[in-house]
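Novice: One structure, pasted below without further comment.
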Amino acid sequence: MVDQAVSGQALALLGGSKTINDDHSSMFKWPIVTAEHEAAVLEVLRAGNMSGLDVTMKFEEEYASKLKRRYALACNTGTAAIHSGFYGLGVGVGDEVICPSMTYWASILQVYSLGATPVFAEIDPNTLCIDPNDIEHRITERTKAIVVVHYAGMPCDMDPIMAIAEKHNIPILEDCSHAHGALYKGKEIGTFGKVAAMSLMSGKSFAIGEGGILFTDDQLVYERAILFGHYARHNKLELPETKRYAGLPAGGYKYRMHQLSSAFGRVQLKLYYDQIREIDKAMNYFCDQIEDTPGLAPIRPGYPNSTRGGWYFATMKYAAEELGGLSNVRFAEAVVAEGSIANAGCNQALHTHPIFSEQDIYGHGKPTRVANLPEGATLSQPIGSLPVSEDIGRHVLALPWFKHYKPEIIDQHVLAWKKVAANYEALLPGDKPQQRVGGFSTFMRGR
Ligand SMILES: Cc1ncc(COP(=O)(O)O)c(C=O)c1O
């Protein structure tokens, strides 16, 4: 519905007055640092205990118990946690790992260093998560794992994915970096995969500094992950497959979490689930009001009893055809000019980068992508082969990420968005639609 109250008003981008003039930065500030966080971090700092393990192991124990997983291993980044998870699962030379193409590179790029290669799958444009119908036909005898990414807080459709994994006996690695606390049919994400791994860096919804963590119920996976990059914990190895190699990190990496992060994380774990309840309320309040606006369709889980957790990178689908073909980039610029927040696009499809087609990283004399595949095996995913993932950036907008339920403030942002939608025609001259919207690493302006 066109909003009559804002229809015909001059847009701020075109010289009109701004909808929002107040400073709303406290609505978006994240993480919320309390005195308890400060005390926990200072205690570690004053004790000179930054490189210790005691606080980190408590954090692992507490988070594993929350998710009811047997093992947790904290790492210094999410990238490291995922890397360790791949090694834990036994991913090695000549293996293939299926992964959605539209994700951040650290969902998959680490497999190269293990001698394995990615096989990219399409996403479902309605969820931005891996399309369960585009997985099975990509399985070969070399497939060692399937990565699912609960992208932008949306839980993947896990029922059909788990059925495929079970049918072919291939483990799932869940990348939960965008979706801590999200529920799929009442079950928290991070509890489905043989490995679940997540980034905990400052920009994420579970934000503790730099850090990552992996979970598993499988002792061998856990011990292999320790073997890979946690030599200081090799005295904990019990299984013959790992114990005899104790002492030096098999990966040649040092992946220990910094204890300023784990100290912060222990406090954050106590607060997080209450905080995301408020975020969920605030975001749904915004989405409920915006939903009937032409061109704008918030993405929310269609499955029962499911949530977007902390709503990291909260997104909506943008239908340019309902707004005279106006690009999402121009729409976002106009929203920002009104004093609200918007970002156009999402991660650029990975298979479009030359690292996944031609780059010879390790000097094999051929592209790394195929360097370890058997003679004659082909793997070609050129530009054009995954059209949904390649094009999706033009059809997505990120909305303001409210951390507090304050209807009187959220209403102002709703008004800003509606004003832009109602007056889209004024933005058409000067609009220069781009072929691809998004980036491989960063694509978000201030939230
Ligand atoms: C989907 C996804 N996976 C993995 C990572 C890697 O996490 P980190 O930056 O902590 O290494 C990120 C982070 O930015 C991410 O967005």
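If you're wondering about the labels, chains in the structure tokens are A, B, ... by order shown, residues count from 1 in each chain, ligands from 1 in order shown.
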Taking only C-alpha atoms and all ligand atoms into account, report as a list in words which residues have an atom no farther than 8 Å from an atom of ligand 1.
Specialist: Asn76, Thr77, Gly78, Thr79, Ala80, Ala81, Ile82, Thr103, Tyr104, Trp105, Ala106, Ser107, Val149, His150, Tyr151, Asp175, Cys176, Ser177, His178, Met198, Ser199, Leu200, Met201, Gly203, Lys204, Glu210, Gly211, Gly212 and Ser441 of chain A
Novice: Just to be explicit: take each residue in the selection above, keep C-alpha atoms, and write the result as an mmCIF file, in the first residue's frame.
Specialist:
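Writing done, so here's out_23.cif:
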```
data_model
loop_
_atom_site.group_PDB
_atom_site.id
_atom_site.type_symbol
_atom_site.label_atom_id
_atom_site.label_comp_id
_atom_site.auth_asym_id
_atom_site.auth_seq_id
_atom_site.Cartn_x
_atom_site.Cartn_y
_atom_site.Cartn_z
ATOM 1 C CA ASN A 76 40.824 -17.235 17.752
ATOM 2 C CA THR A 77 38.531 -16.674 14.745
ATOM 3 C CA GLY A 78 35.490 -18.220 13.117
ATOM 4 C CA THR A 79 37.715 -18.941 10.123
ATOM 5 C CA ALA A 80 39.943 -21.057 12.386
ATOM 6 C CA ALA A 81 36.962 -22.853 13.933
ATOM 7 C CA ILE A 82 35.638 -23.812 10.490
ATOM 8 C CA THR A 103 28.298 -16.797 1.527
ATOM 9 C CA TYR A 104 31.349 -15.261 3.143
ATOM 10 C CA TRP A 105 34.581 -16.884 1.934
ATOM 11 C CA ALA A 106 35.430 -18.386 5.334
ATOM 12 C CA SER A 107 32.549 -20.841 5.051
ATOM 13 C CA VAL A 149 25.226 -21.502 6.214
ATOM 14 C CA HIS A 150 22.339 -20.096 8.201
ATOM 15 C CA TYR A 151 22.737 -16.925 6.210
ATOM 16 C CA ASP A 175 28.277 -22.407 9.656
ATOM 17 C CA CYS A 176 26.292 -20.548 12.307
ATOM 18 C CA SER A 177 28.271 -17.304 12.118
ATOM 19 C CA HIS A 178 25.173 -15.256 11.232
ATOM 20 C CA MET A 198 30.658 -19.989 14.258
ATOM 21 C CA SER A 199 32.378 -16.672 14.211
ATOM 22 C CA LEU A 200 32.094 -14.629 17.395
ATOM 23 C CA MET A 201 33.820 -11.510 16.053
ATOM 24 C CA GLY A 203 30.283 -7.486 14.124
ATOM 25 C CA LYS A 204 28.268 -10.662 14.723
ATOM 26 C CA GLU A 210 37.748 -11.746 17.731
ATOM 27 C CA GLY A 211 36.894 -15.387 18.172
ATOM 28 C CA GLY A 212 35.184 -18.502 16.924
ATOM 29 C CA SER A 441 34.178 -9.407 2.102
#
```
Novice: Which residues of region 184-229 of chain A come within 7 Å of region 159-172 of chain A, and for each one, what is the closest pair of atoms and their distance in Å to one decimal, counting only C-alpha atoms, sorted by chain and residue number, as JSON lines?
Specialist:
```
{"residue": "A:Gly193", "atom": "CA", "partner": "A:Ile172", "partner_atom": "CA", "distance": 4.7}
{"residue": "A:Lys194", "atom": "CA", "partner": "A:Ile172", "partner_atom": "CA", "distance": 5.6}
{"residue": "A:Val195", "atom": "CA", "partner": "A:Ile172", "partner_atom": "CA", "distance": 6.6}
```
Novice: Separation of CA of Thr368 (chain A) and CA of Cys156 (chain A), in Å?
Specialist: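 That distance, rounded to one decimal, is 29.1 Å.
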Novice: Please report the interatomic distance between CA of Pro155 (chain A) and CA of Leu67 (chain A) in Å with one decimal.
Specialist: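 According to the coordinates, CA of Pro155 (chain A) and CA of Leu67 (chain A) are separated by 15.6 Å.
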Novice: When DSSP works through the backbone of this structure, what residues of region 205-419 of chain A end up as helix (DSSP H, G or I), shown as JSON, numbers by chain?
Specialist: {"A": [219, 220, 221, 222, 223, 224, 225, 226, 227, 228, 229, 231, 232, 233, 234, 235, 236, 240, 241, 242, 243, 259, 260, 261, 262, 263, 264, 265, 266, 267, 268, 269, 270, 271, 272, 273, 274, 275, 276, 277, 278, 279, 280, 281, 282, 283, 284, 285, 286, 287, 288, 289, 290, 320, 321, 322, 323, 328, 329, 330, 331, 332, 333, 334, 335, 336, 337, 350, 351, 352, 354, 355, 356, 368, 369, 370, 371, 387, 388, 389, 390, 391, 392, 393, 394, 395, 407, 408, 409, 410, 411, 412, 413, 414, 415, 416, 417, 418, 419]}
Novice: Write out, as a short mmCIF file (atom, residue, chain, number, x, y, z; two decimals), in the first residue's frame, the residues just selected, with C-alpha atoms.
Specialist:
```cif
data_model
loop_
_atom_site.label_atom_id
_atom_site.label_comp_id
_atom_site.auth_asym_id
_atom_site.auth_seq_id
_atom_site.Cartn_x
_atom_site.Cartn_y
_atom_site.Cartn_z
CA GLN A 219 35.28 -37.45 20.08
CA LEU A 220 37.43 -38.12 17.04
CA VAL A 221 36.28 -34.93 15.30
CA TYR A 222 36.98 -32.99 18.48
CA GLU A 223 40.40 -34.47 19.04
CA ARG A 224 41.43 -33.99 15.41
CA ALA A 225 40.37 -30.34 15.69
CA ILE A 226 42.56 -30.00 18.80
CA LEU A 227 45.43 -31.78 17.06
CA PHE A 228 45.24 -29.35 14.16
CA GLY A 229 45.85 -26.04 15.92
CA TYR A 231 49.12 -27.97 20.65
CA ALA A 232 48.82 -26.58 24.19
CA ARG A 233 45.89 -28.95 24.71
CA HIS A 234 47.45 -32.07 23.23
CA ASN A 235 47.76 -33.55 26.73
CA LYS A 236 43.96 -33.97 26.56
CA PRO A 240 45.18 -43.54 19.45
CA GLU A 241 44.54 -41.76 16.11
CA THR A 242 45.47 -38.42 17.69
CA LYS A 243 47.46 -39.10 20.86
CA GLN A 259 41.20 -14.97 26.98
CA LEU A 260 39.99 -11.38 26.84
CA SER A 261 37.53 -12.73 24.29
CA SER A 262 36.54 -15.80 26.29
CA ALA A 263 36.10 -13.74 29.47
CA PHE A 264 33.81 -11.38 27.57
CA GLY A 265 32.08 -14.37 26.01
CA ARG A 266 31.23 -15.99 29.36
CA VAL A 267 29.36 -12.87 30.44
CA GLN A 268 27.78 -12.42 27.02
CA LEU A 269 26.47 -15.99 27.06
CA LYS A 270 24.50 -15.20 30.21
CA LEU A 271 22.91 -12.11 28.64
CA TYR A 272 22.60 -13.07 24.99
CA TYR A 273 19.36 -15.04 24.94
CA ASP A 274 17.44 -12.28 26.75
CA GLN A 275 18.95 -9.69 24.46
CA ILE A 276 17.91 -11.48 21.30
CA ARG A 277 14.37 -11.84 22.58
CA GLU A 278 14.19 -8.05 22.63
CA ILE A 279 15.88 -7.78 19.23
CA ASP A 280 13.39 -10.27 17.82
CA LYS A 281 10.49 -8.20 19.14
CA ALA A 282 11.93 -4.95 17.78
CA MET A 283 12.74 -6.40 14.35
CA ASN A 284 9.37 -8.06 13.98
CA TYR A 285 7.71 -4.79 14.96
CA PHE A 286 9.59 -3.04 12.12
CA CYS A 287 8.92 -5.85 9.63
CA ASP A 288 5.20 -6.07 10.46
CA GLN A 289 4.81 -2.42 9.51
CA ILE A 290 6.96 -2.50 6.42
CA ALA A 320 12.53 -3.41 -8.13
CA GLU A 321 9.75 -4.22 -10.60
CA GLU A 322 7.20 -2.96 -8.05
CA LEU A 323 9.07 0.35 -7.84
CA ASN A 328 18.20 -1.29 -4.47
CA VAL A 329 21.41 0.78 -4.30
CA ARG A 330 19.55 4.00 -5.06
CA PHE A 331 16.72 2.99 -2.70
CA ALA A 332 19.22 2.42 0.13
CA GLU A 333 20.93 5.77 -0.54
CA ALA A 334 17.61 7.51 -0.23
CA VAL A 335 16.78 5.73 3.04
CA VAL A 336 20.17 6.68 4.50
CA ALA A 337 19.61 10.29 3.42
CA LEU A 350 32.12 -17.00 -4.52
CA HIS A 351 32.37 -18.99 -7.75
CA THR A 352 32.60 -15.70 -9.67
CA PRO A 354 39.08 -16.20 -10.02
CA ILE A 355 40.37 -17.94 -6.89
CA PHE A 356 37.70 -20.55 -7.65
CA THR A 368 43.98 -25.01 -7.18
CA ARG A 369 40.29 -25.73 -7.69
CA VAL A 370 41.14 -28.89 -9.64
CA ALA A 371 44.72 -29.47 -8.52
CA PRO A 387 22.31 -17.59 -11.67
CA VAL A 388 20.31 -17.17 -8.46
CA SER A 389 23.45 -16.71 -6.35
CA GLU A 390 24.98 -14.36 -8.92
CA ASP A 391 21.95 -12.10 -9.18
CA ILE A 392 20.59 -12.09 -5.63
CA GLY A 393 22.54 -8.99 -4.55
CA ARG A 394 20.29 -6.80 -6.71
CA HIS A 395 17.22 -8.14 -4.92
CA PRO A 407 8.31 1.58 19.17
CA GLU A 408 8.43 5.39 19.12
CA ILE A 409 11.91 5.27 17.57
CA ILE A 410 11.28 2.32 15.27
CA ASP A 411 8.18 4.09 13.94
CA GLN A 412 10.37 6.91 12.65
CA HIS A 413 12.49 4.45 10.69
CA VAL A 414 9.37 2.83 9.28
CA LEU A 415 8.27 6.26 8.14
CA ALA A 416 11.63 6.95 6.48
CA TRP A 417 11.45 3.68 4.52
CA LYS A 418 7.83 4.26 3.56
CA LYS A 419 8.59 7.78 2.42
#
```
Novice: List the neighbours of region 313-316 of chain A out to 10 Å using only C-alpha atoms; skip same-chain residues closer than 5 positions along the sequence, and give me the result as a JSON list (two decimals) with N, CA and C atoms, in the first residue's frame.
Specialist:
```json
[["chain", "number", "residue", "atom", "x", "y", "z"],
["A", 126, "ASN", "N", 14.39, -17.12, -1.50],
["A", 126, "ASN", "CA", 13.46, -16.69, -0.45],
["A", 126, "ASN", "C", 14.04, -16.79, 0.95],
["A", 127, "THR", "N", 15.13, -17.55, 1.09],
["A", 127, "THR", "CA", 15.75, -17.68, 2.42],
["A", 127, "THR", "C", 17.21, -17.21, 2.42],
["A", 128, "LEU", "N", 17.82, -17.10, 1.26],
["A", 128, "LEU", "CA", 19.24, -16.80, 1.07],
["A", 128, "LEU", "C", 20.13, -17.93, 1.59],
["A", 151, "TYR", "N", 22.31, -18.23, 6.70],
["A", 151, "TYR", "CA", 22.74, -16.93, 6.21],
["A", 151, "TYR", "C", 21.85, -15.80, 6.75],
["A", 152, "ALA", "N", 22.50, -14.76, 7.23],
["A", 152, "ALA", "CA", 21.80, -13.57, 7.71],
["A", 152, "ALA", "C", 20.71, -13.94, 8.73],
["A", 153, "GLY", "N", 21.04, -14.85, 9.59],
["A", 153, "GLY", "CA", 20.13, -15.20, 10.68],
["A", 153, "GLY", "C", 19.01, -16.15, 10.31],
["A", 154, "MET", "N", 18.93, -16.52, 9.02],
["A", 154, "MET", "CA", 17.84, -17.41, 8.61],
["A", 154, "MET", "C", 18.26, -18.86, 8.78],
["A", 178, "HIS", "N", 26.17, -16.34, 11.35],
["A", 178, "HIS", "CA", 25.17, -15.26, 11.23],
["A", 178, "HIS", "C", 23.94, -15.51, 12.09],
["A", 179, "ALA", "N", 23.90, -16.59, 12.83],
["A", 179, "ALA", "CA", 22.57, -16.98, 13.32],
["A", 179, "ALA", "C", 22.57, -17.55, 14.74],
["A", 203, "GLY", "N", 31.42, -7.90, 14.95],
["A", 203, "GLY", "CA", 30.28, -7.49, 14.12],
["A", 203, "GLY", "C", 29.11, -8.45, 14.19],
["A", 204, "LYS", "N", 29.30, -9.63, 14.76],
["A", 204, "LYS", "CA", 28.27, -10.66, 14.72],
["A", 204, "LYS", "C", 27.25, -10.46, 15.84],
["A", 205, "SER", "N", 26.19, -11.29, 15.82],
["A", 205, "SER", "CA", 25.20, -11.08, 16.87],
["A", 205, "SER", "C", 25.68, -11.63, 18.21],
["A", 283, "MET", "N", 12.63, -6.18, 15.80],
["A", 283, "MET", "CA", 12.74, -6.40, 14.35],
["A", 283, "MET", "C", 11.39, -6.83, 13.76],
["A", 287, "CYS", "N", 9.30, -5.08, 10.83],
["A", 287, "CYS", "CA", 8.92, -5.85, 9.63],
["A", 287, "CYS", "C", 7.40, -5.89, 9.45],
["A", 290, "ILE", "N", 6.39, -2.78, 7.74],
["A", 290, "ILE", "CA", 6.96, -2.50, 6.42],
["A", 290, "ILE", "C", 6.42, -3.48, 5.37],
["A", 291, "GLU", "N", 5.87, -4.58, 5.86],
["A", 291, "GLU", "CA", 5.54, -5.72, 5.01],
["A", 291, "GLU", "C", 4.59, -5.40, 3.85],
["A", 295, "GLY", "N", 7.38, -3.40, -3.05],
["A", 295, "GLY", "CA", 8.81, -3.60, -3.27],
["A", 295, "GLY", "C", 9.57, -4.20, -2.10],
["A", 296, "LEU", "N", 8.98, -4.15, -0.91],
["A", 296, "LEU", "CA", 9.72, -4.57, 0.29],
["A", 296, "LEU", "C", 9.08, -5.78, 0.96],
["A", 297, "ALA", "N", 9.84, -6.85, 1.09],
["A", 297, "ALA", "CA", 9.29, -8.07, 1.71],
["A", 297, "ALA", "C", 10.32, -8.65, 2.68],
["A", 298, "PRO", "N", 10.16, -8.32, 3.96],
["A", 298, "PRO", "CA", 11.11, -8.84, 4.95],
["A", 298, "PRO", "C", 11.21, -10.36, 4.87],
["A", 299, "ILE", "N", 12.43, -10.86, 5.06],
["A", 299, "ILE", "CA", 12.63, -12.31, 5.05],
["A", 299, "ILE", "C", 12.52, -12.82, 6.48],
["A", 300, "ARG", "N", 11.53, -13.68, 6.70],
["A", 300, "ARG", "CA", 11.37, -14.29, 8.02],
["A", 300, "ARG", "C", 11.14, -15.78, 7.82],
["A", 308, "ARG", "N", 14.95, -15.79, 13.71],
["A", 308, "ARG", "CA", 16.23, -15.37, 13.15],
["A", 308, "ARG", "C", 17.24, -15.08, 14.24],
["A", 342, "ALA", "N", 20.11, 1.54, 5.74],
["A", 342, "ALA", "CA", 19.79, 0.52, 4.74],
["A", 342, "ALA", "C", 21.08, 0.15, 4.02],
["A", 343, "ASN", "N", 21.18, -1.08, 3.59],
["A", 343, "ASN", "CA", 22.32, -1.52, 2.79],
["A", 343, "ASN", "C", 21.81, -2.35, 1.64],
["A", 344, "ALA", "N", 22.37, -2.12, 0.47],
["A", 344, "ALA", "CA", 21.95, -2.90, -0.69],
["A", 344, "ALA", "C", 22.91, -4.06, -0.89],
["A", 345, "GLY", "N", 22.37, -5.22, -1.21],
["A", 345, "GLY", "CA", 23.20, -6.35, -1.61],
["A", 345, "GLY", "C", 23.56, -7.29, -0.48],
["A", 346, "CYS", "N", 24.31, -8.31, -0.84],
["A", 346, "CYS", "CA", 24.77, -9.30, 0.13],
["A", 346, "CYS", "C", 26.11, -9.83, -0.40],
["A", 395, "HIS", "N", 18.58, -7.94, -5.41],
["A", 395, "HIS", "CA", 17.22, -8.14, -4.92],
["A", 395, "HIS", "C", 17.13, -8.20, -3.40],
["A", 396, "VAL", "N", 18.16, -7.67, -2.74],
["A", 396, "VAL", "CA", 18.21, -7.77, -1.28],
["A", 396, "VAL", "C", 18.55, -6.42, -0.67],
["A", 397, "LEU", "N", 17.89, -6.11, 0.41],
["A", 397, "LEU", "CA", 18.21, -4.91, 1.18],
["A", 397, "LEU", "C", 18.37, -5.30, 2.64],
["A", 398, "ALA", "N", 19.38, -4.74, 3.29],
["A", 398, "ALA", "CA", 19.51, -4.97, 4.74],
["A", 398, "ALA", "C", 18.84, -3.82, 5.46],
["A", 399, "LEU", "N", 18.11, -4.16, 6.51],
["A", 399, "LEU", "CA", 17.35, -3.15, 7.23],
["A", 399, "LEU", "C", 18.05, -2.75, 8.51],
["A", 400, "PRO", "N", 17.56, -1.73, 9.19],
["A", 400, "PRO", "CA", 18.23, -1.31, 10.43],
["A", 400, "PRO", "C", 18.17, -2.45, 11.46],
["A", 401, "TRP", "N", 19.27, -2.61, 12.17],
["A", 401, "TRP", "CA", 19.38, -3.73, 13.13],
["A", 401, "TRP", "C", 19.13, -3.18, 14.54],
["A", 402, "PHE", "N", 17.86, -3.11, 14.90],
["A", 402, "PHE", "CA", 17.49, -2.53, 16.19],
["A", 402, "PHE", "C", 17.85, -3.49, 17.33],
["A", 444, "MET", "N", 28.67, -3.82, 4.06],
["A", 444, "MET", "CA", 27.73, -3.09, 4.89],
["A", 444, "MET", "C", 28.28, -1.74, 5.35],
["A", 447, "ARG", "N", 25.85, 0.36, 10.83],
["A", 447, "ARG", "CA", 24.52, -0.16, 11.16],
["A", 447, "ARG", "C", 23.91, 0.64, 12.28]]
```
Novice: Once you count only C-alpha atoms, what closest atom pair and distance in Å to one decimal does each residue of region 201-302 of chain A within 10 Å of region 3-7 of chain A have, with rows by chain and rising residue number, as CSV?
Specialist:
```
residue,atom,partner,partner_atom,distance
A:Asp292,CA,A:Asp3,CA,9.8
A:Thr293,CA,A:Asp3,CA,8.0
A:Pro294,CA,A:Asp3,CA,9.9
```
Novice: Could you work out how far CA of His404 (chain A) lies from CA of Phe59 (chain A), giving the answer in Å with one decimal?
Specialist: 26.1 Å
Novice: With DSSP run on the backbone, what are the strand (DSSP E or B) residues within region 55-237 of chain A? I'd like them as JSON, numbers by chain.
Specialist: {"A": [71, 72, 73, 74, 75, 96, 97, 98, 99, 100, 117, 118, 119, 120, 121, 123, 130, 143, 144, 145, 146, 147, 148, 149, 172, 173, 174, 175, 183, 184, 187, 188, 195, 196, 197, 198, 199, 201, 209, 212, 213, 214, 215, 216]}
Novice: Would you please work out which residue, of A:His230, A:His258, A:His180, A:Arg244, is nearest to Lys66 (chain A) when using only C-alpha atoms?
Specialist: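 Checking each candidate against Lys66 (chain A), we get A:His180 as the closest.
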Novice: Which is closest to Gly186 (chain A) among A:Gly8, A:Gly309, A:Pro249, A:Pro132, if we use only C-alpha atoms?
Specialist: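 That would be A:Gly309, the residue with the smallest distance to Gly186 (chain A).
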Novice: Between A:Ser357, A:Ser340, A:Asn423, A:Thr191, which residue has the minimum interatomic distance to Ile20 (chain A), considering only C-alpha atoms?
Specialist: A:Ser340
Novice: Between A:Phe120, A:Tyr253, A:Phe28, A:Tyr245, which is the closest to Asp134 (chain A) once you count only C-alpha atoms?
Specialist: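 Of A:Phe120, A:Tyr253, A:Phe28, A:Tyr245, the one nearest Asp134 (chain A), counting only C-alpha atoms, is A:Phe120.
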Novice: Looking at only C-alpha atoms, which of A:Gly439, A:Gly339, A:Pro31, A:Gly190 is the one that sits closest to Ala207 (chain A)?
Specialist: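 For Ala207 (chain A), the nearest of the candidates is A:Pro31.
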Novice: Measuring atom to atom with only C-alpha atoms, identify which of A:Ala377, A:Ile146, A:Met158, A:Val119 is nearest to Leu89 (chain A).
Specialist: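 Nearest to Leu89 (chain A): A:Ile146.
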Novice: Can you tell me, as a PDB file with C-alpha atoms, in the first residue's frame, what residues are no more than 7 Å from Phe215 (chain A) when counting only C-alpha atoms, ignoring any on the same chain fewer than 4 positions away?
Specialist:
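Contents of result.pdb, freshly written:
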```
ATOM      1  CA  ARG A  69      26.629 -30.611  22.696  1.00  0.00           C
ATOM      2  CA  TYR A  71      32.372 -30.877  22.980  1.00  0.00           C
ATOM      3  CA  ALA A  72      33.191 -27.250  22.262  1.00  0.00           C
ATOM      4  CA  LEU A  73      36.517 -25.909  21.032  1.00  0.00           C
ATOM      5  CA  VAL A 195      30.199 -30.023  13.319  1.00  0.00           C
ATOM      6  CA  ALA A 196      28.734 -26.608  14.021  1.00  0.00           C
ATOM      7  CA  ALA A 197      31.120 -23.686  13.867  1.00  0.00           C
TER       8      ALA A 197
END
```
